[in-house]
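entry28.tsv (TSV, C-alpha atoms and all ligand atoms)
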```tsv
chain	number	residue	atom	x	y	z
A	67	MET	CA	18.57	13.83	9.05
A	68	ASN	CA	18.66	16.14	6.04
A	69	LEU	CA	16.31	18.97	5.19
A	70	HIS	CA	14.48	16.92	2.58
A	71	ASP	CA	13.65	14.26	5.20
A	72	ILE	CA	12.44	16.87	7.71
A	73	ILE	CA	10.04	18.48	5.25
A	74	LYS	CA	8.87	15.10	3.94
A	75	LYS	CA	8.14	13.92	7.46
A	76	SER	CA	6.29	17.13	8.26
A	77	ARG	CA	4.19	16.91	5.07
A	78	ASN	CA	3.33	13.31	5.96
A	79	VAL	CA	2.34	14.45	9.50
A	80	GLU	CA	4.73	11.94	11.05
A	81	MET	CA	6.06	12.25	14.60
A	82	PHE	CA	9.58	13.57	15.07
A	83	THR	CA	11.94	11.76	17.43
A	84	ARG	CA	13.75	13.48	20.30
A	85	GLU	CA	16.99	13.23	18.31
A	86	GLU	CA	15.42	14.84	15.24
A	87	ILE	CA	13.96	17.69	17.31
A	88	THR	CA	17.32	18.27	18.95
A	89	ALA	CA	19.02	18.29	15.54
A	90	MET	CA	16.59	20.95	14.23
A	91	LEU	CA	17.26	23.08	17.30
A	92	ALA	CA	21.03	22.63	16.88
A	93	LEU	CA	20.99	24.31	13.45
A	94	GLN	CA	22.35	27.83	13.33
A	95	PRO	CA	19.43	30.28	13.57
A	96	ASN	CA	20.52	31.95	10.30
A	97	ALA	CA	21.15	28.70	8.40
A	98	LEU	CA	19.25	28.06	5.18
A	99	GLU	CA	17.76	24.92	6.76
A	100	THR	CA	16.33	26.96	9.66
A	101	TYR	CA	14.62	29.37	7.27
A	102	VAL	CA	13.07	26.44	5.41
A	103	ILE	CA	11.84	24.93	8.72
A	104	MET	CA	10.38	28.35	9.60
A	105	ALA	CA	8.60	28.49	6.23
A	106	GLU	CA	7.17	25.00	6.76
A	107	ALA	CA	6.00	25.97	10.28
A	108	SER	CA	4.35	29.08	8.89
A	109	ARG	CA	2.58	26.95	6.27
A	110	ILE	CA	1.24	24.62	9.00
A	111	SER	CA	0.13	27.55	11.20
A	112	HIS	CA	-1.78	29.10	8.28
A	113	ASP	CA	-3.29	25.74	7.42
A	114	VAL	CA	-4.53	24.73	10.89
A	115	SER	CA	-5.85	28.19	11.82
A	116	ASN	CA	-7.44	29.00	8.48
A	117	SER	CA	-4.94	31.89	8.21
A	118	SER	CA	-6.50	33.63	11.22
A	119	ALA	CA	-4.00	34.70	13.84
A	120	GLU	CA	-5.20	35.41	17.37
A	121	ILE	CA	-4.55	38.17	19.87
A	122	HIS	CA	-4.92	37.18	23.51
A	123	ALA	CA	-4.92	39.88	26.15
A	124	GLN	CA	-3.99	39.68	29.82
A	125	LEU	CA	-4.83	41.90	32.77
A	126	ALA	CA	-3.38	41.46	36.25
A	127	LEU	CA	-5.49	41.62	39.40
A	128	ASN	CA	-2.54	42.38	41.63
A	129	LEU	CA	1.08	43.28	42.02
A	130	ALA	CA	2.94	41.72	44.94
A	131	PRO	CA	6.31	40.32	45.97
A	132	CYS	CA	5.91	36.55	45.52
A	133	PRO	CA	7.58	34.00	47.84
A	134	ARG	CA	7.68	31.28	45.13
A	135	ASP	CA	10.84	33.04	43.97
A	136	CYS	CA	10.91	32.09	40.32
A	137	MET	CA	14.25	33.65	39.47
A	138	PHE	CA	13.11	34.96	36.06
A	139	CYS	CA	10.12	36.85	37.54
A	140	SER	CA	10.11	40.49	38.64
A	141	PHE	CA	7.64	39.61	41.43
A	142	ALA	CA	10.04	37.14	43.09
A	143	VAL	CA	10.93	38.36	46.60
A	144	ALA	CA	14.54	37.33	45.96
A	145	ASN	CA	14.76	39.66	42.96
A	146	ASN	CA	14.08	42.67	45.15
A	147	ILE	CA	12.15	44.67	42.52
A	148	PHE	CA	8.72	45.20	44.07
A	149	HIS	CA	8.35	45.73	47.83
A	150	THR	CA	4.71	46.70	48.21
A	151	SER	CA	1.47	45.11	47.11
A	152	ALA	CA	-1.40	46.61	45.14
A	153	THR	CA	-4.74	45.19	44.05
A	154	VAL	CA	-6.85	46.27	41.09
A	155	SER	CA	-10.46	47.05	42.08
A	156	PRO	CA	-13.22	44.97	40.44
A	157	ALA	CA	-14.51	48.13	38.73
A	158	ASP	CA	-11.09	48.92	37.20
A	159	ALA	CA	-10.58	45.29	36.16
A	160	VAL	CA	-13.95	45.37	34.37
A	161	VAL	CA	-12.92	48.53	32.50
A	162	GLN	CA	-9.67	46.89	31.38
A	163	ALA	CA	-11.40	43.68	30.29
A	164	ARG	CA	-14.09	45.56	28.37
A	165	GLN	CA	-11.42	47.60	26.61
A	166	PHE	CA	-9.73	44.38	25.49
A	167	GLU	CA	-13.08	43.08	24.26
A	168	GLU	CA	-13.79	46.31	22.40
A	169	ASP	CA	-10.32	46.23	20.82
A	170	GLY	CA	-11.08	42.74	19.49
A	171	ALA	CA	-8.97	40.47	21.71
A	172	ASN	CA	-9.92	36.84	21.03
A	173	ALA	CA	-9.46	35.72	24.65
A	174	ILE	CA	-9.01	37.58	27.92
A	175	TYR	CA	-6.66	36.30	30.63
A	176	ILE	CA	-6.96	37.18	34.30
A	177	MET	CA	-3.63	36.87	36.07
A	178	ALA	CA	-2.76	36.96	39.77
A	179	THR	CA	0.45	36.23	41.63
A	180	ALA	CA	0.70	32.81	43.29
A	181	THR	CA	-0.39	33.87	46.78
A	182	PHE	CA	-3.22	36.24	45.81
A	183	ASP	CA	-6.39	35.72	47.85
A	184	MET	CA	-8.59	33.18	46.06
A	185	GLY	CA	-11.85	34.69	47.31
A	186	GLN	CA	-10.87	38.05	45.83
A	187	TYR	CA	-9.80	36.38	42.59
A	188	PHE	CA	-13.18	34.71	42.16
A	189	GLU	CA	-15.14	37.79	43.20
A	190	THR	CA	-13.42	40.04	40.66
A	191	SER	CA	-13.48	37.38	37.96
A	192	ARG	CA	-17.24	36.96	38.32
A	193	GLU	CA	-17.65	40.70	38.09
A	194	ILE	CA	-15.60	40.73	34.89
A	195	ARG	CA	-17.52	37.76	33.45
A	196	ASN	CA	-20.84	39.50	34.14
A	197	HIS	CA	-19.75	42.53	32.14
A	198	LEU	CA	-18.40	40.70	29.08
A	199	ARG	CA	-20.24	39.22	26.11
A	200	PRO	CA	-21.24	35.61	26.82
A	201	ASP	CA	-19.08	34.31	23.97
A	202	THR	CA	-15.90	36.06	25.16
A	203	ILE	CA	-13.33	33.44	26.20
A	204	LEU	CA	-11.93	33.87	29.71
A	205	VAL	CA	-8.67	32.21	30.71
A	206	ALA	CA	-7.13	32.05	34.20
A	207	ASN	CA	-3.40	32.56	34.74
A	208	VAL	CA	-2.99	31.50	38.35
A	209	GLY	CA	-0.85	29.46	40.73
A	210	ASP	CA	-1.00	25.75	41.45
A	211	GLU	CA	-3.20	26.38	44.51
A	212	PHE	CA	-6.08	26.94	42.08
A	213	ALA	CA	-5.91	23.37	40.79
A	214	ALA	CA	-7.93	22.36	43.86
A	215	LYS	CA	-10.54	24.92	42.76
A	216	ALA	CA	-10.58	23.95	39.09
A	217	THR	CA	-14.33	23.31	39.04
A	218	ASN	CA	-14.91	26.70	40.67
A	219	LEU	CA	-13.01	28.27	37.78
A	220	VAL	CA	-15.39	26.54	35.36
A	221	GLU	CA	-18.39	27.74	37.40
A	222	ALA	CA	-16.99	31.28	37.38
A	223	GLY	CA	-17.08	31.24	33.57
A	224	PHE	CA	-13.51	30.35	32.63
A	225	GLN	CA	-12.98	28.20	29.53
A	226	GLY	CA	-9.27	27.74	29.97
A	227	VAL	CA	-6.11	28.14	32.00
A	228	TYR	CA	-2.57	29.12	31.08
A	229	HIS	CA	-0.16	26.83	32.87
A	230	ALA	CA	3.39	25.81	32.05
A	231	LEU	CA	6.03	23.48	33.35
A	232	ARG	CA	8.87	25.96	33.18
A	233	LEU	CA	12.40	25.15	32.03
A	234	ARG	CA	14.48	24.10	35.05
A	235	GLU	CA	11.37	24.10	37.23
A	236	GLY	CA	12.43	23.35	40.81
A	237	ILE	CA	15.93	24.76	40.13
A	238	ASP	CA	15.17	28.28	38.94
A	239	THR	CA	11.89	28.17	40.91
A	240	LYS	CA	10.80	26.86	44.31
A	241	ILE	CA	8.00	24.80	42.77
A	242	ASP	CA	8.16	21.02	42.37
A	243	PRO	CA	7.89	20.16	38.63
A	244	ASN	CA	5.51	17.31	39.48
A	245	ARG	CA	3.15	19.78	41.08
A	246	ARG	CA	2.99	21.80	37.85
A	247	ILE	CA	2.24	18.65	35.85
A	248	GLU	CA	-0.43	17.54	38.33
A	249	SER	CA	-2.07	20.97	38.16
A	250	ILE	CA	-2.26	20.78	34.36
A	251	LYS	CA	-3.92	17.36	34.57
A	252	THR	CA	-6.38	18.56	37.21
A	253	PHE	CA	-7.37	21.64	35.20
A	254	GLN	CA	-7.95	19.49	32.13
A	255	LYS	CA	-9.96	16.93	34.10
A	256	ALA	CA	-12.26	19.73	35.23
A	257	GLY	CA	-12.93	20.61	31.58
A	258	LEU	CA	-10.57	23.56	31.23
A	259	SER	CA	-8.42	23.81	28.09
A	260	VAL	CA	-4.79	24.43	28.98
A	261	GLY	CA	-2.60	26.76	26.94
A	262	THR	CA	1.11	26.37	27.52
A	263	CYS	CA	4.50	27.06	26.02
A	264	VAL	CA	8.23	26.39	26.24
A	265	GLU	CA	9.40	29.08	28.65
A	266	PRO	CA	11.28	31.08	29.77
A	267	ILE	CA	14.12	30.33	27.35
A	268	GLY	CA	17.59	31.69	28.03
A	269	PRO	CA	20.88	31.21	26.19
A	270	GLU	CA	21.98	28.58	28.75
A	271	HIS	CA	19.22	26.10	27.91
A	272	THR	CA	20.51	23.22	25.81
A	273	ASP	CA	18.89	21.93	22.63
A	274	GLU	CA	18.12	18.70	24.52
A	275	GLU	CA	16.32	20.58	27.30
A	276	LEU	CA	14.27	22.49	24.73
A	277	ALA	CA	13.48	19.30	22.80
A	278	ASN	CA	12.28	17.60	25.99
A	279	MET	CA	10.05	20.54	26.86
A	280	ILE	CA	8.62	20.79	23.33
A	281	MET	CA	7.74	17.09	23.55
A	282	PHE	CA	6.19	17.59	26.98
A	283	THR	CA	3.93	20.38	25.70
A	284	ALA	CA	2.93	18.18	22.74
A	285	SER	CA	2.03	15.36	25.14
A	286	ILE	CA	-0.62	17.34	27.03
A	287	ASN	CA	-2.76	18.20	23.99
A	288	PRO	CA	-2.77	21.93	24.76
A	289	ALA	CA	-4.97	24.68	23.33
A	290	PHE	CA	-1.72	26.13	22.05
A	291	SER	CA	2.01	25.75	22.51
A	292	GLY	CA	4.89	27.95	21.42
A	293	ALA	CA	7.89	29.58	22.98
A	294	ALA	CA	8.76	32.52	25.20
A	295	ARG	CA	12.20	33.96	25.73
A	296	ARG	CA	13.33	35.10	29.17
A	297	ILE	CA	13.41	38.86	29.59
A	298	PRO	CA	16.35	39.92	31.78
A	299	ILE	CA	15.20	41.54	35.02
A	300	PRO	CA	17.93	44.09	35.79
A	301	GLY	CA	20.23	43.20	38.69
A	302	THR	CA	19.24	39.52	38.84
A	303	THR	CA	21.46	36.45	38.51
A	304	LEU	CA	19.60	35.16	35.46
A	305	ALA	CA	19.90	38.53	33.74
A	306	GLU	CA	23.65	37.96	33.64
A	307	LYS	CA	23.05	34.96	31.40
A	308	GLY	CA	21.60	37.20	28.71
A	309	ILE	CA	18.75	36.88	26.23
A	310	ILE	CA	18.24	34.82	23.07
A	311	SER	CA	17.68	36.66	19.79
A	312	GLU	CA	14.31	37.02	18.07
A	313	LEU	CA	15.63	34.85	15.25
A	314	ARG	CA	16.50	32.04	17.69
A	315	MET	CA	12.99	32.46	19.12
A	316	ALA	CA	11.55	32.13	15.63
A	317	GLN	CA	13.54	28.93	15.14
A	318	ILE	CA	12.23	27.42	18.41
A	319	VAL	CA	8.68	28.56	17.65
A	320	ALA	CA	9.00	26.87	14.24
A	321	VAL	CA	10.36	23.59	15.58
A	322	THR	CA	7.59	23.57	18.19
A	323	ARG	CA	5.00	23.93	15.42
A	324	LEU	CA	6.44	21.01	13.47
A	325	VAL	CA	6.34	18.79	16.56
A	326	MET	CA	2.85	19.70	17.83
A	327	PRO	CA	-0.09	17.57	16.73
A	328	ARG	CA	-2.09	19.28	13.96
A	329	SER	CA	-5.09	19.34	16.33
A	330	VAL	CA	-3.22	22.10	18.22
A	331	LYS	CA	-4.03	25.22	16.23
A	332	GLY	CA	-2.20	27.88	18.25
A	333	ASN	CA	1.53	28.58	18.23
A	334	CYS	CA	2.52	31.48	20.44
A	335	SER	CA	5.52	33.72	20.74
A	336	HIS	CA	6.25	35.84	23.77
A	337	GLU	CA	7.20	38.57	23.93
A	338	PRO	CA	5.58	39.61	20.67
A	339	GLY	CA	7.78	40.30	17.67
A	340	ALA	CA	7.73	40.36	13.89
A	341	VAL	CA	10.50	37.78	13.47
A	342	PRO	CA	8.76	34.91	15.34
A	343	ILE	CA	5.72	35.44	13.10
A	344	LEU	CA	7.97	34.32	10.24
A	345	GLY	CA	8.57	31.13	12.24
A	346	GLY	CA	4.87	30.32	12.38
A	347	ALA	CA	3.68	32.23	15.45
A	348	ASN	CA	-0.05	32.81	15.06
A	349	LEU	CA	-0.71	33.89	18.66
A	350	LEU	CA	0.68	37.02	20.30
A	351	TRP	CA	-0.15	38.82	23.53
A	352	ALA	CA	-1.38	42.18	24.73
A	353	GLU	CA	-0.96	43.07	28.41
A	354	VAL	CA	-1.98	45.66	30.99
A	355	GLY	CA	-1.14	46.01	34.67
A	356	ALA	CA	1.54	44.06	36.49
A	357	ASN	CA	3.74	41.81	34.36
A	358	PRO	CA	6.36	39.33	35.62
A	359	ARG	CA	8.77	40.40	32.86
A	360	ASP	CA	8.52	44.10	33.57
A	361	ILE	CA	9.82	46.37	36.30
A	362	LYS	CA	7.13	48.98	35.58
A	363	GLU	CA	4.03	48.62	37.74
A	364	LYS	CA	1.86	49.17	34.66
A	365	THR	CA	3.30	47.19	31.78
A	366	GLU	CA	1.32	49.28	29.29
A	367	GLU	CA	3.85	52.00	30.19
A	368	GLY	CA	6.72	49.54	29.72
A	369	ARG	CA	7.06	46.28	27.81
A	370	GLY	CA	3.36	45.56	27.31
A	371	HIS	CA	1.74	45.71	23.88
A	372	SER	CA	-1.80	46.86	23.10
A	373	VAL	CA	-4.26	44.84	21.01
A	374	PRO	CA	-3.98	47.30	18.05
A	375	ALA	CA	-0.16	47.12	18.20
A	376	ILE	CA	-0.28	43.31	17.98
A	377	ARG	CA	-2.74	43.48	15.08
A	378	LYS	CA	-0.29	45.75	13.27
A	379	LEU	CA	2.53	43.22	13.83
A	380	PHE	CA	0.41	40.48	12.27
A	381	GLU	CA	-0.50	42.74	9.34
A	382	GLU	CA	3.19	43.33	8.72
A	383	GLY	CA	3.59	39.54	8.56
A	384	GLU	CA	0.71	39.27	6.03
A	385	TRP	CA	-1.58	37.60	8.54
A	386	GLN	CA	-5.22	38.45	9.08
A	387	THR	CA	-6.49	38.30	12.65
A	388	LEU	CA	-9.53	36.41	13.87
A	389	ASP	CA	-12.70	38.38	14.38
A	390	GLY	CA	-14.51	36.83	17.38
A	391	ALA	CA	-13.91	34.28	20.11
A	392	SER	CA	-10.69	32.24	20.14
A	393	ARG	CA	-10.75	29.05	18.10
A	394	PHE	CA	-7.63	27.80	19.80
A	395	PHE	CA	-9.59	27.35	23.04
A	396	ASP	CA	-12.51	25.88	21.10
A	397	ALA	CA	-10.37	22.86	20.42
A	401	LIG	S1	6.21	33.35	38.17
A	401	LIG	FE1	4.34	33.30	39.44
A	401	LIG	S2	4.85	31.86	41.11
A	401	LIG	FE2	6.80	32.49	40.19
A	401	LIG	S3	7.51	34.23	41.43
A	401	LIG	FE3	6.37	35.07	39.66
A	401	LIG	S4	4.25	35.32	40.44
A	401	LIG	FE4	5.33	33.94	41.88
```

Can I see the file as structure tokens?
Amino acid sequence: MNLHDIIKKSRNVEMFTREEITAMLALQPNALETYVIMAEASRISHDVSNSSAEIHAQLALNLAPCPRDCMFCSFAVANNIFHTSATVSPADAVVQARQFEEDGANAIYIMATATFDMGQYFETSREIRNHLRPDTILVANVGDEFAAKATNLVEAGFQGVYHALRLREGIDTKIDPNRRIESIKTFQKAGLSVGTCVEPIGPEHTDEELANMIMFTASINPAFSGAARRIPIPGTTLAEKGIISELRMAQIVAVTRLVMPRSVKGNCSHEPGAVPILGGANLLWAEVGANPRDIKEKTEEGRGHSVPAIRKLFEEGEWQTLDGASRFFDA
């Protein structure tokens, strides 16, 4: 497949085959063809989002060693990073959420580790909901156990959930891939929009694996898709495999955009960066509190970005940011 055919197919909004997706991913990140694919992805992202990028912001309700042992996560017991647990009080969580709202985040995510007490999660979430504007979009980032409580999430005022089938799920994690897929279906059945992405990408993942995962995310009609690279957690086995470059990220973000249905308006990149914006990323993340990619207890003192810092990144990429509630979750 040559570049002319790729762009023609994209302009005609035709579906790409697995082989074509793999071929786009197999291009060198700094090849002319890759830059053209990135430009086409950027055009689509501008088009479907009315040139309004979004900033989503996440706070964590707890920090705890997690027995699910996802090998890329700093909370995994096996990674031996965190040994004690800490919980954010409802009052502090409200302050963090209101700060995000004041800063202009378009959606607020409430994260907890997989074994966090559900009762506490709902109690704090309700408290947060009660202190936010009614139109502020709330999104849960929680474990598969919450799928059984999907309707409770809706009742607690959540519009969406972030949930992903991770690369090499069941190999690099202790979670059955089918369980992740079932959870996504259950959340959607309850009326929650599901945001997802191709993650966490390391240098060892093949173009075929990435193509399969891009196609999977396209198949679930998500609120947004995109790509996230794996951040090496010092001293871990996966850290030895290294990290992909921002340019490779931009390439994967771009290919993901070309493959997604046009009804999917959001295309995320994580962690945030200027280069993936060139590949059509129109969704980046701010974070406070515990973060599975960070070894600092408060990611705002480590890898986490603030809402104003993300807005600045988008400005540098000549993007305006949405003023108001997320339109990605509207879909
Ligand atoms: S990614 Fe989630 S489930 Fe996996 S170890 Fe980290 S907190 Fe636990």

Pull the neighbourhood of (18.2, 23.5, 9.0) for me: all residues within 9 Å in file coordinates, counting only C-alpha atoms, as JSON, numbers by chain.
{"A": [68, 69, 72, 89, 90, 91, 92, 93, 94, 95, 96, 97, 98, 99, 100, 101, 102, 103]}

Export of the given selection (C-alpha atoms) as an mmCIF file, in the coordinates of the input:
```cif
data_model
loop_
_atom_site.group_PDB
_atom_site.id
_atom_site.type_symbol
_atom_site.label_atom_id
_atom_site.label_comp_id
_atom_site.auth_asym_id
_atom_site.auth_seq_id
_atom_site.Cartn_x
_atom_site.Cartn_y
_atom_site.Cartn_z
ATOM 1 C CA ASN A 68 18.660 16.140 6.040
ATOM 2 C CA LEU A 69 16.310 18.970 5.190
ATOM 3 C CA ILE A 72 12.440 16.870 7.710
ATOM 4 C CA ALA A 89 19.020 18.290 15.540
ATOM 5 C CA MET A 90 16.590 20.950 14.230
ATOM 6 C CA LEU A 91 17.260 23.080 17.300
ATOM 7 C CA ALA A 92 21.030 22.630 16.880
ATOM 8 C CA LEU A 93 20.990 24.310 13.450
ATOM 9 C CA GLN A 94 22.350 27.830 13.330
ATOM 10 C CA PRO A 95 19.430 30.280 13.570
ATOM 11 C CA ASN A 96 20.520 31.950 10.300
ATOM 12 C CA ALA A 97 21.150 28.700 8.400
ATOM 13 C CA LEU A 98 19.250 28.060 5.180
ATOM 14 C CA GLU A 99 17.760 24.920 6.760
ATOM 15 C CA THR A 100 16.330 26.960 9.660
ATOM 16 C CA TYR A 101 14.620 29.370 7.270
ATOM 17 C CA VAL A 102 13.070 26.440 5.410
ATOM 18 C CA ILE A 103 11.840 24.930 8.720
#
```

Residues within 8 Å of Asn145 of chain A, all atoms listed in the file, excluding chain neighbours under 3 positions, as a PyMOL selection string:
chain A and resi 135+137+139-142+301-302

Please, which residues in segment 93-154 of chain A fall within 9 Å of segment 319-333 of chain A when counting all atoms listed in the file, and what is the closest atom pair and distance in Å to one decimal for each, ordered by chain then residue number, as CSV?
```
residue,atom,partner,partner_atom,distance
A:Thr100,CA,A:Ala320,CA,8.6
A:Ile103,CA,A:Ala320,CA,6.5
A:Met104,CA,A:Ala320,CA,5.1
A:Ala105,CA,A:Ala320,CA,8.2
A:Glu106,CA,A:Leu324,CA,7.8
A:Ala107,CA,A:Ala320,CA,5.0
A:Ser108,CA,A:Ala320,CA,7.4
A:Ile110,CA,A:Arg323,CA,7.5
A:Ser111,CA,A:Lys331,CA,6.9
A:Asp113,CA,A:Lys331,CA,8.9
A:Val114,CA,A:Lys331,CA,5.4
A:Ser115,CA,A:Lys331,CA,5.6
A:Ala119,CA,A:Gly332,CA,8.3
A:Glu120,CA,A:Gly332,CA,8.2
```

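Counting from atom CA of Gln254 of chain A, the distance to atom CA of Gln225 of chain A is 10.4 Å.
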
Pick out the closest residue to Ile286 of chain A from this set: A:Ala256, A:Leu219, A:Ile267, A:Ala230. Count all atoms listed in the file.
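Between A:Ala256, A:Leu219, A:Ile267, A:Ala230, the residue approaching Ile286 of chain A most closely is A:Ala230.
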
Just need the box for ligand LIG 401 (chain A), edges along x, y and z, holding every atom the file lists for it with 6 Å tacked onto each side, so centre and edge lengths in Å to one decimal, as JSON.
```
{"center_x": 5.9, "center_y": 33.6, "center_z": 40.0, "size_x": 15.3, "size_y": 15.5, "size_z": 15.7}
```

Give the residue list for ligand LIG 401 (chain A) at 12 Å, counting all atoms listed in the file, as number ranges by chain, sorted by chain and then by residue number.
A: 126-148, 177-182, 207-211, 228-233, 235-242, 246, 265-266, 296, 299, 356-360

If you count all atoms listed in the file, which residues fall within 9 Å of His122 of chain A, apart from same-chain ones fewer than 3 positions away, as a PyMOL selection string?
chain A and resi 166+171-175+349-353+373+392

Which of A:Gly308, A:Pro300, A:Gly339, A:Gly383 sits closest to Ile361 of chain A [using only C-alpha atoms]
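Looking only at the distances to Ile361 of chain A, the closest residue turns out to be A:Pro300.
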
Would you kindly return, as JSON, numbers by chain, each protein, DNA or RNA residue with an atom no farther than 10 Å from any atom of Thr252 of chain A, considering only C-alpha atoms and excluding same-chain residues fewer than 2 positions away?
{"A": [210, 212, 213, 214, 215, 216, 217, 246, 247, 248, 249, 250, 254, 255, 256, 257, 258]}

Emit the selected residues as a PDB file, keeping the file's coordinate frame, including C-alpha atoms.
```pdb
ATOM      1  CA  ASP A 210      -1.000  25.750  41.450  1.00  0.00           C
ATOM      2  CA  PHE A 212      -6.080  26.940  42.080  1.00  0.00           C
ATOM      3  CA  ALA A 213      -5.910  23.370  40.790  1.00  0.00           C
ATOM      4  CA  ALA A 214      -7.930  22.360  43.860  1.00  0.00           C
ATOM      5  CA  LYS A 215     -10.540  24.920  42.760  1.00  0.00           C
ATOM      6  CA  ALA A 216     -10.580  23.950  39.090  1.00  0.00           C
ATOM      7  CA  THR A 217     -14.330  23.310  39.040  1.00  0.00           C
ATOM      8  CA  ARG A 246       2.990  21.800  37.850  1.00  0.00           C
ATOM      9  CA  ILE A 247       2.240  18.650  35.850  1.00  0.00           C
ATOM     10  CA  GLU A 248      -0.430  17.540  38.330  1.00  0.00           C
ATOM     11  CA  SER A 249      -2.070  20.970  38.160  1.00  0.00           C
ATOM     12  CA  ILE A 250      -2.260  20.780  34.360  1.00  0.00           C
ATOM     13  CA  GLN A 254      -7.950  19.490  32.130  1.00  0.00           C
ATOM     14  CA  LYS A 255      -9.960  16.930  34.100  1.00  0.00           C
ATOM     15  CA  ALA A 256     -12.260  19.730  35.230  1.00  0.00           C
ATOM     16  CA  GLY A 257     -12.930  20.610  31.580  1.00  0.00           C
ATOM     17  CA  LEU A 258     -10.570  23.560  31.230  1.00  0.00           C
TER      18      LEU A 258
END
```

Can you measure atom CA of Arg314 of chain A to atom CA of Thr387 of chain A for me? One decimal in Å is fine.
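Computed distance, atom CA of Arg314 of chain A to atom CA of Thr387 of chain A, equals 24.4 Å.
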
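Atom CA of Glu312 of chain A lies 14.7 Å from atom CA of Val264 of chain A.
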
Hey, which of A:Leu304, A:Leu388, A:Asn78, A:Phe395 ends up closest to Gly170 of chain A? Count only C-alpha atoms.
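With only C-alpha atoms as the atom set, the closest residue is A:Leu388.
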
Nearest candidate to His371 of chain A (options A:Ile280, A:Ile87, A:Leu125, A:Val160; using all atoms listed in the file):
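Using all atoms listed in the file, His371 of chain A sits closest to A:Leu125.
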
Which residue is closest to Phe253 of chain A? Choose from A:Ile176, A:Val205, A:Ala284, A:Ala294 and count only C-alpha atoms.
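Closest to Phe253 of chain A of all the choices is A:Val205.
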
Among listed residues A:Val154, A:Ile297, A:Met279, A:Val220, nearest Ile318 of chain A (using all atoms listed in the file):
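Answer, going by the shortest atom-to-atom distance: A:Met279.
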